[in-house]
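Participant: Attaching a single structure in structure tokens format; questions to follow.
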Number of protein chains: 2
Amino acid sequence: MAKELTSRSENYSQWYNDLVIKADLAENSAVRGCMVIKPYGYAIWEKIQAELDRMFKETGHENAYFPLFIPKSFLSKEAEHVEGFAKECAVVTHHRLKKDPDGSGLVVDPEAKLEEELIVRPTSETIIWSTYKNWIQSYRDLPLLINQWANVVRWEMRTRLFLRTTEFLWQEGHTAHATEDEAMTEALKILDIYADFAERFMAVPVLKGVKSPNERFAGALETFCIEALMQDGKALQAGTSHFLGQNFAKAFDVTFVDKTNKLDYVWATSWGVSTRLMGALIMTHSDDNGLVLPPNLAPFQVVIVPIYKNEEQLTAISEKVVEISKKLKVLGITVKFDNNDNKKPGWKFAEYELKGVPVRLAIGARDLENNTVEVARRDDLTKETVSMDGIENYIDTLLKDIQHNMFKKAYDFRESTTREVNSYDEFKVEIEKGGFLMCHWDGTPETEEKIKEDTKATIRCIPLKGDITPGFCMVTGKPSLRRVAFARAY
Amino acid sequence: MAKELTSRSENYSQWYNDLVIKADLAENSAVRGCMVIKPYGYAIWEKIQAELDRMFKETGHENAYFPLFIPKSFLSKEAEHVEGFAKECAVVTHHRLKKDPDGSGLVVDPEAKLEEELIVRPTSETIIWSTYKNWIQSYRDLPLLINQWANVVRWEMRTRLFLRTTEFLWQEGHTAHATEDEAMTEALKILDIYADFAERFMAVPVLKGVKSPNERFAGALETFCIEALMQDGKALQAGTSHFLGQNFAKAFDVTFVDKTNKLDYVWATSWGVSTRLMGALIMTHSDDNGLVLPPNLAPFQVVIVPIYKNEEQLTAISEKVVEISKKLKVLGITVKFDNNDNKKPGWKFAEYELKGVPVRLAIGARDLENNTVEVARRDDLTKETVSMDGIENYIDTLLKDIQHNMFKKAYDFRESTTREVNSYDEFKVEIEKGGFLMCHWDGTPETEEKIKEDTKATIRCIPLKGDITPGFCMVTGKPSLRRVAFARAY
């Protein structure tokens with residue numbers, strides 16, 4: 001088979017790369033670190049977008065659009081923020097090319113140098129808060145609940161498709177509030193939306209928590225996150241929601257008159273998920289045969305492959321397929337009928353396995369005689385022959401079962417690889433096996449840094465739920481308020 | 001009233017600018033030439049996107065995503081293309097900032113200079129065709145029907161919100177075909193989609209035609225376009241669809257093996273509409289009171305304003321509103337109930353007029369007694385009091401009527417200002433009055449250029465339909481194959 005993948009056990013990283021490319025999800029472009037998202041991959045991203053967008057709007061958020069470019073001086077206004085992003089900025093310095101006087105090529109026209117350089121947005125807090133200054137005067141203008149779907153650029157030296165690319169697609173929410181409480185509530189509400197989406201749509205169980213100061217967003221007072229666990233035992237940060245306090249309001253002088261007629265700075269949050277979610281989706285579920293997609297995000301949930309020897313058989317099967325497809329569509333199930341005559345059924349079976357289509361139906365001449373159909377599920381690769389009667393309800397239930405089963409499998413895996421570790425020696429051994437290690441930590445950045453240097457593990461989060469028994473730091477023996485989740489991460 | 005607009009007769013250009021800003025559609029940003037699209041404006045754009053996306057998918061197109069950046073050398077590969085875009089490019093030259101050694105600011109890090117400059121895409125033909133090279137080998141890989149929703153940057157010196165901005169949002173389709181015929185058919189199919197969308201959704205009548213060579217897209221063999229007429233008598237190009245021949249396939253060496261086993265270059269089209277459509281929408285329909293939105297694109301189609309003297313009355317009205325809203329929603333009609341207690345009904349009436357909401361319902365205590373409601377339509381500013389019984393069907397019909405009426409009004413205006421002109425002297429007088437002037441032209445770029453210099457009018461298109469009687473050029477007296485449409489344009 002031409003499209004065979006490297007197996008996960010052989011080389012997990014190569015398996016991932018093979019899969020992304022061979023399943024037609026994305027590929028590297030001619031531009032260093034930038035990817036091309038191919039139609040099949042983009043169709044999954046569109047489903048992710050549609051559902052999140054619905055959830056944001058249901059909770060009162062509106063979409064808007066802010067400029068791609070940020071004046072260089074804006075970045076400097078929030079001290080920590082600039083620290084975090086200045087080193088990975090794409091900088092626009094000129095606005096024109098001209099013919100190379102020495103040859104046939106193009107050169108930058110030195111006369112078209114910008115007075116102030118423009119940064120291609122790595123994130124939009126600065127340009128948005130400079131805009132909010134004009135939108136907010138009174139508590140009546142608050143809250144402002146705005147989201148943007150956009151591309152952003154962070155100049156990464158080592159890139160991997162979906163997981164870390166120089167340009168990526170994301171949504172970024174930027175909200176403004178009259179009180180600290182309200183902003184904090186918003187940041188947590190979004191965290192819940194992210195977790196809910198990850199679990200119900202992506203079938204990816206996530207740990208909700210707070211980041212340690214080392215891992216906080218540049219400019220935030222508190223960063224909340226959802227952390228997922230990949231099949232190789234490494235964690236992946238799947239979304240973040242930041243409580244920004246009054247930092248950006250102060251940097252851009254955004255004040256408002258409150259109900260008591262007092263002037264105060266506005267409180268802020270920002271939050272985002274990106275095409276990185278595609279990486280989490282792929283690595284949580286897929287296997288050595290290819291992608292495994294949860295029915296709730298599959299571009300099409302059912303593929304029907306006809307098995308025939310001649311035109312006459314194909315016609316008879318096609319008629320039956322039209323009938324079945326109609327019934328499935330009524331239930332909101334998306335179906336593809338692959339009657340391409342250039343490819344053999346075996347090739348198609350492998351292709352749709354590679355592409356992770358949740359359910360495959362195969363119908364042959366004998367099936368027509370027997371009023372049956374062969375149903376294959378992608379998640380556990382089982383097959384069975386069932387009656388055509390009521391097939392639509394059978395498949396509807398099956399899709400729900402697959403969605404549930406995929407979540408459960410991922411959840412069980414995470415639970416089985418999450419364990420308490422009490423000594424640093426034990427930690428060094430256990431971290432090699434992957435998974436979340438729940439350990440006591442003295443709360444200092446120094447200890448966290450030491451652990452990272454020794455073991456490449458970081459604190460993924462301080463979970464919002466779970467065991468809060470105090471103890472003693474596994475490294476320094478100093479008091480610890482509670483266990484936190486360590487892992488190696490993407 | 002704080003939000004009064006400049007009237008159209010006083011200063012059309014100022015009226016447009018006032019309207020865009022006061023109706024909360026968009027505003028200028030801190031970045032020269034870039035706009036902020038505000039939530040209300042963006043909600044209209046989302047409706048435009050949703051419908052076009054549906055139409056593209058229904059005709060077999062898929063979405064994908066290509067990089068924001070284009071290597072400088074790519075631009076040079078198609079000679080005319082580079083000619084058209086090199087002068088208005090945002091150029092990325094560095095990938096890092098560092099602290100200014102002399103002070104507290106940031107400077108570009110000279111050590112982070114890119115080997116090859118990157119251009120922020122002004123359009124994506126080059127990066128996409130460099131990618132297609134790897135996707136296409138055989139006629140079996142064709143046609144490739146791909147669309148992208150994206151932001152693009154063209155460094156404009158004189159910008160106007162929506163109409164001409166340095167950054168704008170658009171969709172760009174890029175298709176690849178095995179034959180010239182098929183590519184030409186695709187370019188025309190898309191033109192039909194654009195025209196259909198403009199007329200049925202935007203209620204904007206458009207002239208479908210071909211561009212003269214002077215106005216062709218840089219790199220195209222033929223540019224088809226839809227041209228709309230604004231209320232001030234100026235034309236606006238609302239969408240273009242290009243037949244690119246084999247130009248980009250040759251520039252990027254994209255060949256395929258055809259059915260007869262012969263190697264040939266691939267045939268191409270590209271096509272796009274942008275946030276410029278927002279400008280066309282606004283300028284076609286709006287009046288001195290504000291925006292007038294066609295029901296098919298209004299963020300909400302109906303607003304309900306309660307008229308009450310006390311809490312008790314508001315409660316009774318609210319109950320009725322819930323009932324009406326439910327019935328409207330069943331019919332797919334979007335409704336906003338504005339029960340904001342801080343604003344008076346008069347203020348709300350003016351506000352929703354400014355925002356162009358197609359239908360306004362006002363319900364007071366007396367209406368409850370009489371089982372009536374006041375219905376005001378935005379397009380012709382008429383009001384009537386109707387019975388609550390069957391109100392949902394009444395409004396459903398009314399919205400269709402408004403949609404139709406808006407189109408008809410715009411169509412009648414265009415027809416009344418489209419006229420045949422036979423001498424150049426007459427032309428110079430008539431062009432001052434606006435509208436499309438249908439004139440004979442000798443087919444040369446020189447004559448077209450002269451007319452532009454003398455009168456600022458250009459050939460908007462050579463219409464695909466209409467009078468094809470030959471005649472003589474109004475300027476040179478040379479033979480003319482047919483009349484073409486002249487106008488001054490945005």
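The way I read the labels, and the way they are meant: chains A, B, ... in the order of the structure tokens, residue 1 as the first residue of every chain, and ligand 1 as the first ligand shown, with later ones counted on from there.
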Pull the closest atom pair for each residue of chain B that gets at most 8 Å from chain A, along with the distance in Å to one decimal, counting only C-alpha atoms, ordering rows by chain and then ascending residue number, as CSV.
Facilitator:
residue,atom,partner,partner_atom,distance
B:Ser29,CA,A:Thr131,CA,7.3
B:Ala30,CA,A:Ile127,CA,7.8
B:Val31,CA,A:Pro71,CA,6.8
B:Cys34,CA,A:Pro67,CA,6.0
B:Met35,CA,A:Pro67,CA,6.4
B:Val36,CA,A:Phe66,CA,4.8
B:Ile37,CA,A:Tyr65,CA,4.9
B:Lys38,CA,A:Ala64,CA,5.2
B:Pro39,CA,A:Ala64,CA,4.7
B:Gly41,CA,A:Ala64,CA,7.9
B:Tyr42,CA,A:Ala64,CA,5.5
B:Ala43,CA,A:Asn63,CA,7.2
B:Glu62,CA,A:Pro39,CA,6.0
B:Asn63,CA,A:Pro39,CA,5.6
B:Ala64,CA,A:Pro39,CA,4.7
B:Tyr65,CA,A:Ile37,CA,4.9
B:Phe66,CA,A:Val36,CA,4.8
B:Pro67,CA,A:Cys34,CA,6.0
B:Leu68,CA,A:Glu167,CA,7.5
B:Phe69,CA,A:Val31,CA,6.9
B:Ile70,CA,A:Val31,CA,7.0
B:Pro71,CA,A:Val31,CA,6.8
B:Lys72,CA,A:Leu106,CA,7.4
B:Ser73,CA,A:Gly105,CA,7.5
B:Ser76,CA,A:Gly105,CA,6.7
B:Ala86,CA,A:Leu97,CA,5.1
B:Lys87,CA,A:Arg96,CA,4.8
B:Glu88,CA,A:Arg96,CA,5.3
B:Cys89,CA,A:Arg96,CA,5.0
B:Ala90,CA,A:His95,CA,4.4
B:Val91,CA,A:Val92,CA,5.3
B:Val92,CA,A:Val92,CA,4.2
B:Thr93,CA,A:Val92,CA,6.3
B:His94,CA,A:Val91,CA,5.3
B:His95,CA,A:Ala90,CA,4.4
B:Arg96,CA,A:Lys87,CA,4.8
B:Leu97,CA,A:Ala86,CA,5.1
B:Lys98,CA,A:Ala86,CA,6.6
B:Gly105,CA,A:Ser76,CA,6.7
B:Leu106,CA,A:Ser76,CA,7.1
B:Val108,CA,A:Val91,CA,7.6
B:Ile127,CA,A:Ala30,CA,7.8
B:Ser130,CA,A:Ala30,CA,7.9
B:Thr131,CA,A:Ser29,CA,7.3
B:Ile146,CA,A:Pro39,CA,7.8
B:Trp155,CA,A:His95,CA,6.4
B:Glu167,CA,A:Pro67,CA,7.3
Participant: Selected residues, C-alpha atoms, written as an mmCIF file, in the first residue's frame, please.
Facilitator:
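Result file follows (part_4.cif):
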data_model
loop_
_atom_site.group_PDB
_atom_site.id
_atom_site.type_symbol
_atom_site.label_atom_id
_atom_site.label_comp_id
_atom_site.auth_asym_id
_atom_site.auth_seq_id
_atom_site.Cartn_x
_atom_site.Cartn_y
_atom_site.Cartn_z
ATOM 1 C CA SER B 29 -7.701 52.083 13.152
ATOM 2 C CA ALA B 30 -4.422 53.329 14.530
ATOM 3 C CA VAL B 31 -2.745 51.613 11.578
ATOM 4 C CA CYS B 34 -6.482 49.563 8.041
ATOM 5 C CA MET B 35 -10.001 49.444 9.427
ATOM 6 C CA VAL B 36 -11.648 47.956 12.476
ATOM 7 C CA ILE B 37 -14.827 46.136 11.475
ATOM 8 C CA LYS B 38 -17.198 46.597 14.399
ATOM 9 C CA PRO B 39 -19.608 43.872 15.564
ATOM 10 C CA GLY B 41 -20.710 45.569 10.476
ATOM 11 C CA TYR B 42 -19.069 42.210 10.963
ATOM 12 C CA ALA B 43 -22.454 40.552 11.518
ATOM 13 C CA GLU B 62 -13.933 23.261 -1.061
ATOM 14 C CA ASN B 63 -12.223 25.634 1.348
ATOM 15 C CA ALA B 64 -8.538 25.496 2.218
ATOM 16 C CA TYR B 65 -5.928 27.832 3.662
ATOM 17 C CA PHE B 66 -2.631 29.010 2.171
ATOM 18 C CA PRO B 67 0.137 31.072 3.808
ATOM 19 C CA LEU B 68 -0.176 34.781 4.512
ATOM 20 C CA PHE B 69 3.356 35.313 3.240
ATOM 21 C CA ILE B 70 4.671 35.050 -0.295
ATOM 22 C CA PRO B 71 8.409 34.805 -0.999
ATOM 23 C CA LYS B 72 9.484 37.821 -2.998
ATOM 24 C CA SER B 73 10.807 35.688 -5.854
ATOM 25 C CA SER B 76 8.327 37.910 -10.123
ATOM 26 C CA ALA B 86 4.894 45.153 -6.661
ATOM 27 C CA LYS B 87 4.159 48.802 -6.000
ATOM 28 C CA GLU B 88 1.713 48.223 -3.195
ATOM 29 C CA CYS B 89 3.281 45.447 -1.126
ATOM 30 C CA ALA B 90 3.794 45.226 2.609
ATOM 31 C CA VAL B 91 7.266 43.705 2.906
ATOM 32 C CA VAL B 92 8.464 41.665 5.885
ATOM 33 C CA THR B 93 12.230 41.973 6.165
ATOM 34 C CA HIS B 94 13.002 40.881 9.749
ATOM 35 C CA HIS B 95 11.736 38.327 12.241
ATOM 36 C CA ARG B 96 12.749 39.816 15.572
ATOM 37 C CA LEU B 97 12.755 43.005 17.611
ATOM 38 C CA LYS B 98 15.210 43.797 20.363
ATOM 39 C CA GLY B 105 12.028 51.341 23.022
ATOM 40 C CA LEU B 106 12.269 48.477 20.573
ATOM 41 C CA VAL B 108 14.429 45.810 14.582
ATOM 42 C CA ILE B 127 1.724 30.839 -3.534
ATOM 43 C CA SER B 130 3.471 26.897 -6.455
ATOM 44 C CA THR B 131 1.514 24.493 -4.222
ATOM 45 C CA ILE B 146 -10.630 25.554 -4.058
ATOM 46 C CA TRP B 155 -0.716 49.303 0.221
ATOM 47 C CA GLU B 167 -6.013 45.344 4.613
#
Participant: Could you pull the residues within 12 Å of Ile395 of chain B, counting only C-alpha atoms, minus those fewer than 5 positions along the same chain, as a JSON list (two decimals) with N, CA and C atoms, in the first residue's frame?
Facilitator:
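That gives us part17.json:
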[["chain", "number", "residue", "atom", "x", "y", "z"],
["B", 295, "PRO", "N", -33.58, 42.62, 4.01],
["B", 295, "PRO", "CA", -33.87, 41.60, 5.02],
["B", 295, "PRO", "C", -32.96, 40.37, 4.93],
["B", 301, "GLN", "N", -33.78, 41.11, 11.60],
["B", 301, "GLN", "CA", -34.72, 41.64, 10.62],
["B", 301, "GLN", "C", -35.82, 42.48, 11.24],
["B", 302, "VAL", "N", -36.11, 42.18, 12.49],
["B", 302, "VAL", "CA", -37.21, 42.86, 13.17],
["B", 302, "VAL", "C", -36.74, 43.32, 14.54],
["B", 303, "VAL", "N", -37.04, 44.56, 14.88],
["B", 303, "VAL", "CA", -36.78, 45.01, 16.24],
["B", 303, "VAL", "C", -38.12, 45.38, 16.87],
["B", 324, "ILE", "N", -45.03, 36.71, 20.25],
["B", 324, "ILE", "CA", -44.80, 37.08, 18.85],
["B", 324, "ILE", "C", -43.43, 36.58, 18.37],
["B", 325, "SER", "N", -42.42, 36.78, 19.21],
["B", 325, "SER", "CA", -41.06, 36.40, 18.83],
["B", 325, "SER", "C", -40.98, 34.91, 18.50],
["B", 327, "LYS", "N", -43.29, 32.97, 17.39],
["B", 327, "LYS", "CA", -43.93, 32.70, 16.09],
["B", 327, "LYS", "C", -43.04, 33.15, 14.94],
["B", 328, "LEU", "N", -42.38, 34.29, 15.13],
["B", 328, "LEU", "CA", -41.49, 34.79, 14.07],
["B", 328, "LEU", "C", -40.30, 33.85, 13.90],
["B", 329, "LYS", "N", -39.75, 33.41, 15.01],
["B", 329, "LYS", "CA", -38.57, 32.53, 14.93],
["B", 329, "LYS", "C", -38.88, 31.23, 14.21],
["B", 331, "LEU", "N", -40.67, 30.91, 11.75],
["B", 331, "LEU", "CA", -40.59, 31.21, 10.31],
["B", 331, "LEU", "C", -39.17, 31.59, 9.88],
["B", 332, "GLY", "N", -38.21, 31.49, 10.82],
["B", 332, "GLY", "CA", -36.82, 31.81, 10.47],
["B", 332, "GLY", "C", -36.52, 33.30, 10.48],
["B", 333, "ILE", "N", -37.40, 34.06, 11.10],
["B", 333, "ILE", "CA", -37.20, 35.52, 11.15],
["B", 333, "ILE", "C", -36.45, 35.88, 12.43],
["B", 334, "THR", "N", -35.40, 36.71, 12.29],
["B", 334, "THR", "CA", -34.60, 37.08, 13.46],
["B", 334, "THR", "C", -35.14, 38.35, 14.10],
["B", 335, "VAL", "N", -35.23, 38.32, 15.42],
["B", 335, "VAL", "CA", -35.91, 39.38, 16.16],
["B", 335, "VAL", "C", -35.05, 39.86, 17.32],
["B", 358, "PRO", "N", -34.82, 46.27, 9.01],
["B", 358, "PRO", "CA", -35.89, 46.33, 8.00],
["B", 358, "PRO", "C", -37.29, 46.62, 8.57],
["B", 359, "VAL", "N", -37.63, 46.00, 9.70],
["B", 359, "VAL", "CA", -38.98, 46.19, 10.24],
["B", 359, "VAL", "C", -38.90, 46.52, 11.73],
["B", 360, "ARG", "N", -39.65, 47.54, 12.13],
["B", 360, "ARG", "CA", -39.73, 47.89, 13.54],
["B", 360, "ARG", "C", -41.16, 47.71, 14.03],
["B", 361, "LEU", "N", -41.32, 47.01, 15.12],
["B", 361, "LEU", "CA", -42.63, 46.89, 15.73],
["B", 361, "LEU", "C", -42.63, 47.72, 17.00],
["B", 373, "VAL", "N", -50.57, 46.17, 16.64],
["B", 373, "VAL", "CA", -49.16, 46.51, 16.75],
["B", 373, "VAL", "C", -48.84, 47.49, 15.63],
["B", 374, "GLU", "N", -47.92, 48.43, 15.94],
["B", 374, "GLU", "CA", -47.51, 49.37, 14.90],
["B", 374, "GLU", "C", -46.31, 48.80, 14.16],
["B", 375, "VAL", "N", -46.45, 48.71, 12.85],
["B", 375, "VAL", "CA", -45.39, 48.15, 12.03],
["B", 375, "VAL", "C", -44.79, 49.26, 11.16],
["B", 376, "ALA", "N", -43.47, 49.48, 11.30],
["B", 376, "ALA", "CA", -42.81, 50.49, 10.48],
["B", 376, "ALA", "C", -41.79, 49.80, 9.59],
["B", 377, "ARG", "N", -41.82, 50.12, 8.31],
["B", 377, "ARG", "CA", -40.80, 49.53, 7.43],
["B", 377, "ARG", "C", -39.72, 50.55, 7.14],
["B", 386, "VAL", "N", -51.49, 47.22, 12.58],
["B", 386, "VAL", "CA", -52.13, 45.99, 12.10],
["B", 386, "VAL", "C", -52.52, 45.09, 13.27],
["B", 387, "SER", "N", -53.36, 44.13, 12.98],
["B", 387, "SER", "CA", -53.82, 43.22, 14.02],
["B", 387, "SER", "C", -52.72, 42.24, 14.42],
["B", 388, "MET", "N", -52.72, 41.87, 15.71],
["B", 388, "MET", "CA", -51.76, 40.87, 16.19],
["B", 388, "MET", "C", -52.05, 39.49, 15.58],
["B", 389, "ASP", "N", -53.29, 39.28, 15.20],
["B", 389, "ASP", "CA", -53.64, 37.96, 14.67],
["B", 389, "ASP", "C", -52.91, 37.73, 13.35],
["B", 390, "GLY", "N", -52.16, 36.68, 13.29],
["B", 390, "GLY", "CA", -51.43, 36.36, 12.06],
["B", 390, "GLY", "C", -50.31, 37.32, 11.76],
["B", 400, "LYS", "N", -40.33, 39.91, 2.62],
["B", 400, "LYS", "CA", -40.11, 39.55, 1.21],
["B", 400, "LYS", "C", -40.41, 40.75, 0.31],
["B", 401, "ASP", "N", -41.44, 41.48, 0.69],
["B", 401, "ASP", "CA", -41.82, 42.65, -0.08],
["B", 401, "ASP", "C", -40.73, 43.72, -0.02],
["B", 402, "ILE", "N", -40.17, 43.92, 1.17],
["B", 402, "ILE", "CA", -39.09, 44.91, 1.32],
["B", 402, "ILE", "C", -37.89, 44.51, 0.50]]
Participant: Out of segment 137-244 of chain B, which residues get strand (DSSP E or B) from DSSP, as a ChimeraX atom specification?
Facilitator: /B:138,144-153,160,164,167-177,207-210,222-229,235-244
Participant: Keeping only N, CA and C atoms, take the residues you just selected and write them out as a short mmCIF file (atom, residue, chain, number, x, y, z; two decimals), in the first residue's frame.
Facilitator:
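For reference, part11.cif as written:
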data_model
loop_
_atom_site.label_atom_id
_atom_site.label_comp_id
_atom_site.auth_asym_id
_atom_site.auth_seq_id
_atom_site.Cartn_x
_atom_site.Cartn_y
_atom_site.Cartn_z
N SER B 138 -2.07 14.35 -13.03
CA SER B 138 -2.86 13.73 -14.10
C SER B 138 -4.21 14.43 -14.22
N LEU B 144 -9.54 21.04 -9.84
CA LEU B 144 -9.28 21.36 -8.45
C LEU B 144 -10.07 22.65 -8.19
N LEU B 145 -11.05 22.56 -7.28
CA LEU B 145 -11.96 23.70 -7.08
C LEU B 145 -11.83 24.19 -5.65
N ILE B 146 -10.95 25.15 -5.43
CA ILE B 146 -10.63 25.55 -4.06
C ILE B 146 -10.88 27.04 -3.81
N ASN B 147 -11.42 27.30 -2.64
CA ASN B 147 -11.67 28.68 -2.21
C ASN B 147 -10.98 28.93 -0.88
N GLN B 148 -10.63 30.17 -0.65
CA GLN B 148 -10.01 30.54 0.62
C GLN B 148 -10.64 31.82 1.14
N TRP B 149 -11.03 31.84 2.43
CA TRP B 149 -11.46 33.07 3.10
C TRP B 149 -10.24 33.62 3.82
N ALA B 150 -9.88 34.85 3.53
CA ALA B 150 -8.61 35.35 4.06
C ALA B 150 -8.56 36.86 4.11
N ASN B 151 -7.51 37.36 4.75
CA ASN B 151 -7.19 38.78 4.70
C ASN B 151 -6.07 38.99 3.69
N VAL B 152 -6.11 40.11 2.99
CA VAL B 152 -5.04 40.45 2.06
C VAL B 152 -4.64 41.91 2.27
N VAL B 153 -3.47 42.26 1.79
CA VAL B 153 -2.94 43.62 2.00
C VAL B 153 -2.45 44.21 0.69
N ARG B 160 -10.57 54.44 1.95
CA ARG B 160 -11.92 54.76 2.44
C ARG B 160 -12.52 53.50 3.01
N ARG B 164 -11.85 50.90 -0.03
CA ARG B 164 -10.44 50.80 -0.40
C ARG B 164 -9.64 50.89 0.88
N GLU B 167 -5.66 46.74 4.37
CA GLU B 167 -6.01 45.34 4.61
C GLU B 167 -7.49 45.20 4.36
N PHE B 168 -7.88 44.13 3.68
CA PHE B 168 -9.31 43.84 3.60
C PHE B 168 -9.54 42.34 3.68
N LEU B 169 -10.78 41.97 3.94
CA LEU B 169 -11.15 40.56 4.01
C LEU B 169 -11.80 40.17 2.70
N TRP B 170 -11.56 38.96 2.27
CA TRP B 170 -12.19 38.52 1.04
C TRP B 170 -12.22 37.02 0.97
N GLN B 171 -12.82 36.51 -0.13
CA GLN B 171 -12.62 35.12 -0.50
C GLN B 171 -11.93 35.15 -1.84
N GLU B 172 -11.05 34.18 -2.04
CA GLU B 172 -10.40 34.06 -3.34
C GLU B 172 -10.47 32.61 -3.77
N GLY B 173 -11.14 32.37 -4.90
CA GLY B 173 -11.21 31.03 -5.46
C GLY B 173 -10.06 30.85 -6.44
N HIS B 174 -9.50 29.65 -6.44
CA HIS B 174 -8.40 29.33 -7.37
C HIS B 174 -8.65 27.94 -7.91
N THR B 175 -9.01 27.85 -9.18
CA THR B 175 -9.34 26.55 -9.72
C THR B 175 -8.39 26.15 -10.84
N ALA B 176 -8.25 24.84 -11.00
CA ALA B 176 -7.35 24.28 -12.01
C ALA B 176 -8.15 23.30 -12.86
N HIS B 177 -7.95 23.36 -14.18
CA HIS B 177 -8.76 22.57 -15.10
C HIS B 177 -7.92 21.93 -16.20
N LEU B 207 -24.50 44.70 -13.48
CA LEU B 207 -24.25 44.51 -14.90
C LEU B 207 -23.14 43.47 -14.98
N LYS B 208 -23.40 42.37 -15.71
CA LYS B 208 -22.35 41.37 -15.89
C LYS B 208 -21.61 41.67 -17.19
N GLY B 209 -20.29 41.64 -17.14
CA GLY B 209 -19.56 41.93 -18.36
C GLY B 209 -18.11 41.49 -18.33
N VAL B 210 -17.41 41.89 -19.37
CA VAL B 210 -15.98 41.60 -19.51
C VAL B 210 -15.25 42.93 -19.36
N GLU B 222 -8.63 37.14 -19.38
CA GLU B 222 -9.96 37.76 -19.44
C GLU B 222 -10.44 37.98 -18.02
N THR B 223 -10.95 39.17 -17.75
CA THR B 223 -11.53 39.43 -16.43
C THR B 223 -13.02 39.72 -16.61
N PHE B 224 -13.85 38.89 -15.96
CA PHE B 224 -15.29 39.14 -15.94
C PHE B 224 -15.62 39.88 -14.64
N CYS B 225 -16.67 40.67 -14.68
CA CYS B 225 -16.97 41.44 -13.49
C CYS B 225 -18.46 41.69 -13.34
N ILE B 226 -18.85 42.01 -12.13
CA ILE B 226 -20.19 42.55 -11.91
C ILE B 226 -20.00 44.00 -11.46
N GLU B 227 -20.77 44.87 -12.09
CA GLU B 227 -20.67 46.30 -11.80
C GLU B 227 -22.01 46.81 -11.25
N ALA B 228 -21.93 47.48 -10.13
CA ALA B 228 -23.14 48.04 -9.52
C ALA B 228 -23.12 49.56 -9.66
N LEU B 229 -24.29 50.16 -9.50
CA LEU B 229 -24.37 51.62 -9.60
C LEU B 229 -24.80 52.21 -8.26
N ALA B 235 -20.15 54.12 -10.54
CA ALA B 235 -20.18 52.66 -10.57
C ALA B 235 -19.23 52.10 -9.51
N LEU B 236 -19.49 50.86 -9.13
CA LEU B 236 -18.61 50.17 -8.19
C LEU B 236 -18.44 48.73 -8.64
N GLN B 237 -17.18 48.35 -8.87
CA GLN B 237 -16.89 46.96 -9.24
C GLN B 237 -17.10 46.10 -8.00
N ALA B 238 -18.04 45.15 -8.09
CA ALA B 238 -18.45 44.43 -6.88
C ALA B 238 -17.86 43.03 -6.81
N GLY B 239 -17.30 42.55 -7.91
CA GLY B 239 -16.71 41.21 -7.89
C GLY B 239 -16.07 40.93 -9.22
N THR B 240 -15.01 40.12 -9.21
CA THR B 240 -14.36 39.78 -10.48
C THR B 240 -14.06 38.29 -10.53
N SER B 241 -14.10 37.76 -11.74
CA SER B 241 -13.79 36.34 -11.98
C SER B 241 -12.86 36.30 -13.19
N HIS B 242 -11.68 35.74 -12.98
CA HIS B 242 -10.65 35.80 -14.02
C HIS B 242 -10.41 34.47 -14.71
N PHE B 243 -10.36 34.51 -16.02
CA PHE B 243 -9.87 33.37 -16.80
C PHE B 243 -8.37 33.62 -16.98
N LEU B 244 -7.56 32.76 -16.37
CA LEU B 244 -6.11 33.01 -16.33
C LEU B 244 -5.35 32.27 -17.41
#
Participant: Contacts of Glu199 of chain B at 12 Å or less, counting only C-alpha atoms, minus same-chain residues fewer than 4 places along, as a list in words?
Facilitator: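 So the residues in contact are Asp192, Ile193, Tyr194, Ala195, Ala203, Val204, Pro205, Val206, Leu207, Lys208, Ile226, Glu227, Ala228, Ala238, Ala280, Leu281, Thr284, Pro294, Asn296, Leu297, Gln403, His404, Asn405, Met406, Phe407, Lys408, Ala410 and Tyr411 of chain B.
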Participant: Between A:Leu481, A:Met438, A:Ile190, A:Ala220, which is the closest to Thr418 of chain A once you count only C-alpha atoms?
Facilitator: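 Of A:Leu481, A:Met438, A:Ile190, A:Ala220, the one nearest Thr418 of chain A, counting only C-alpha atoms, is A:Met438.
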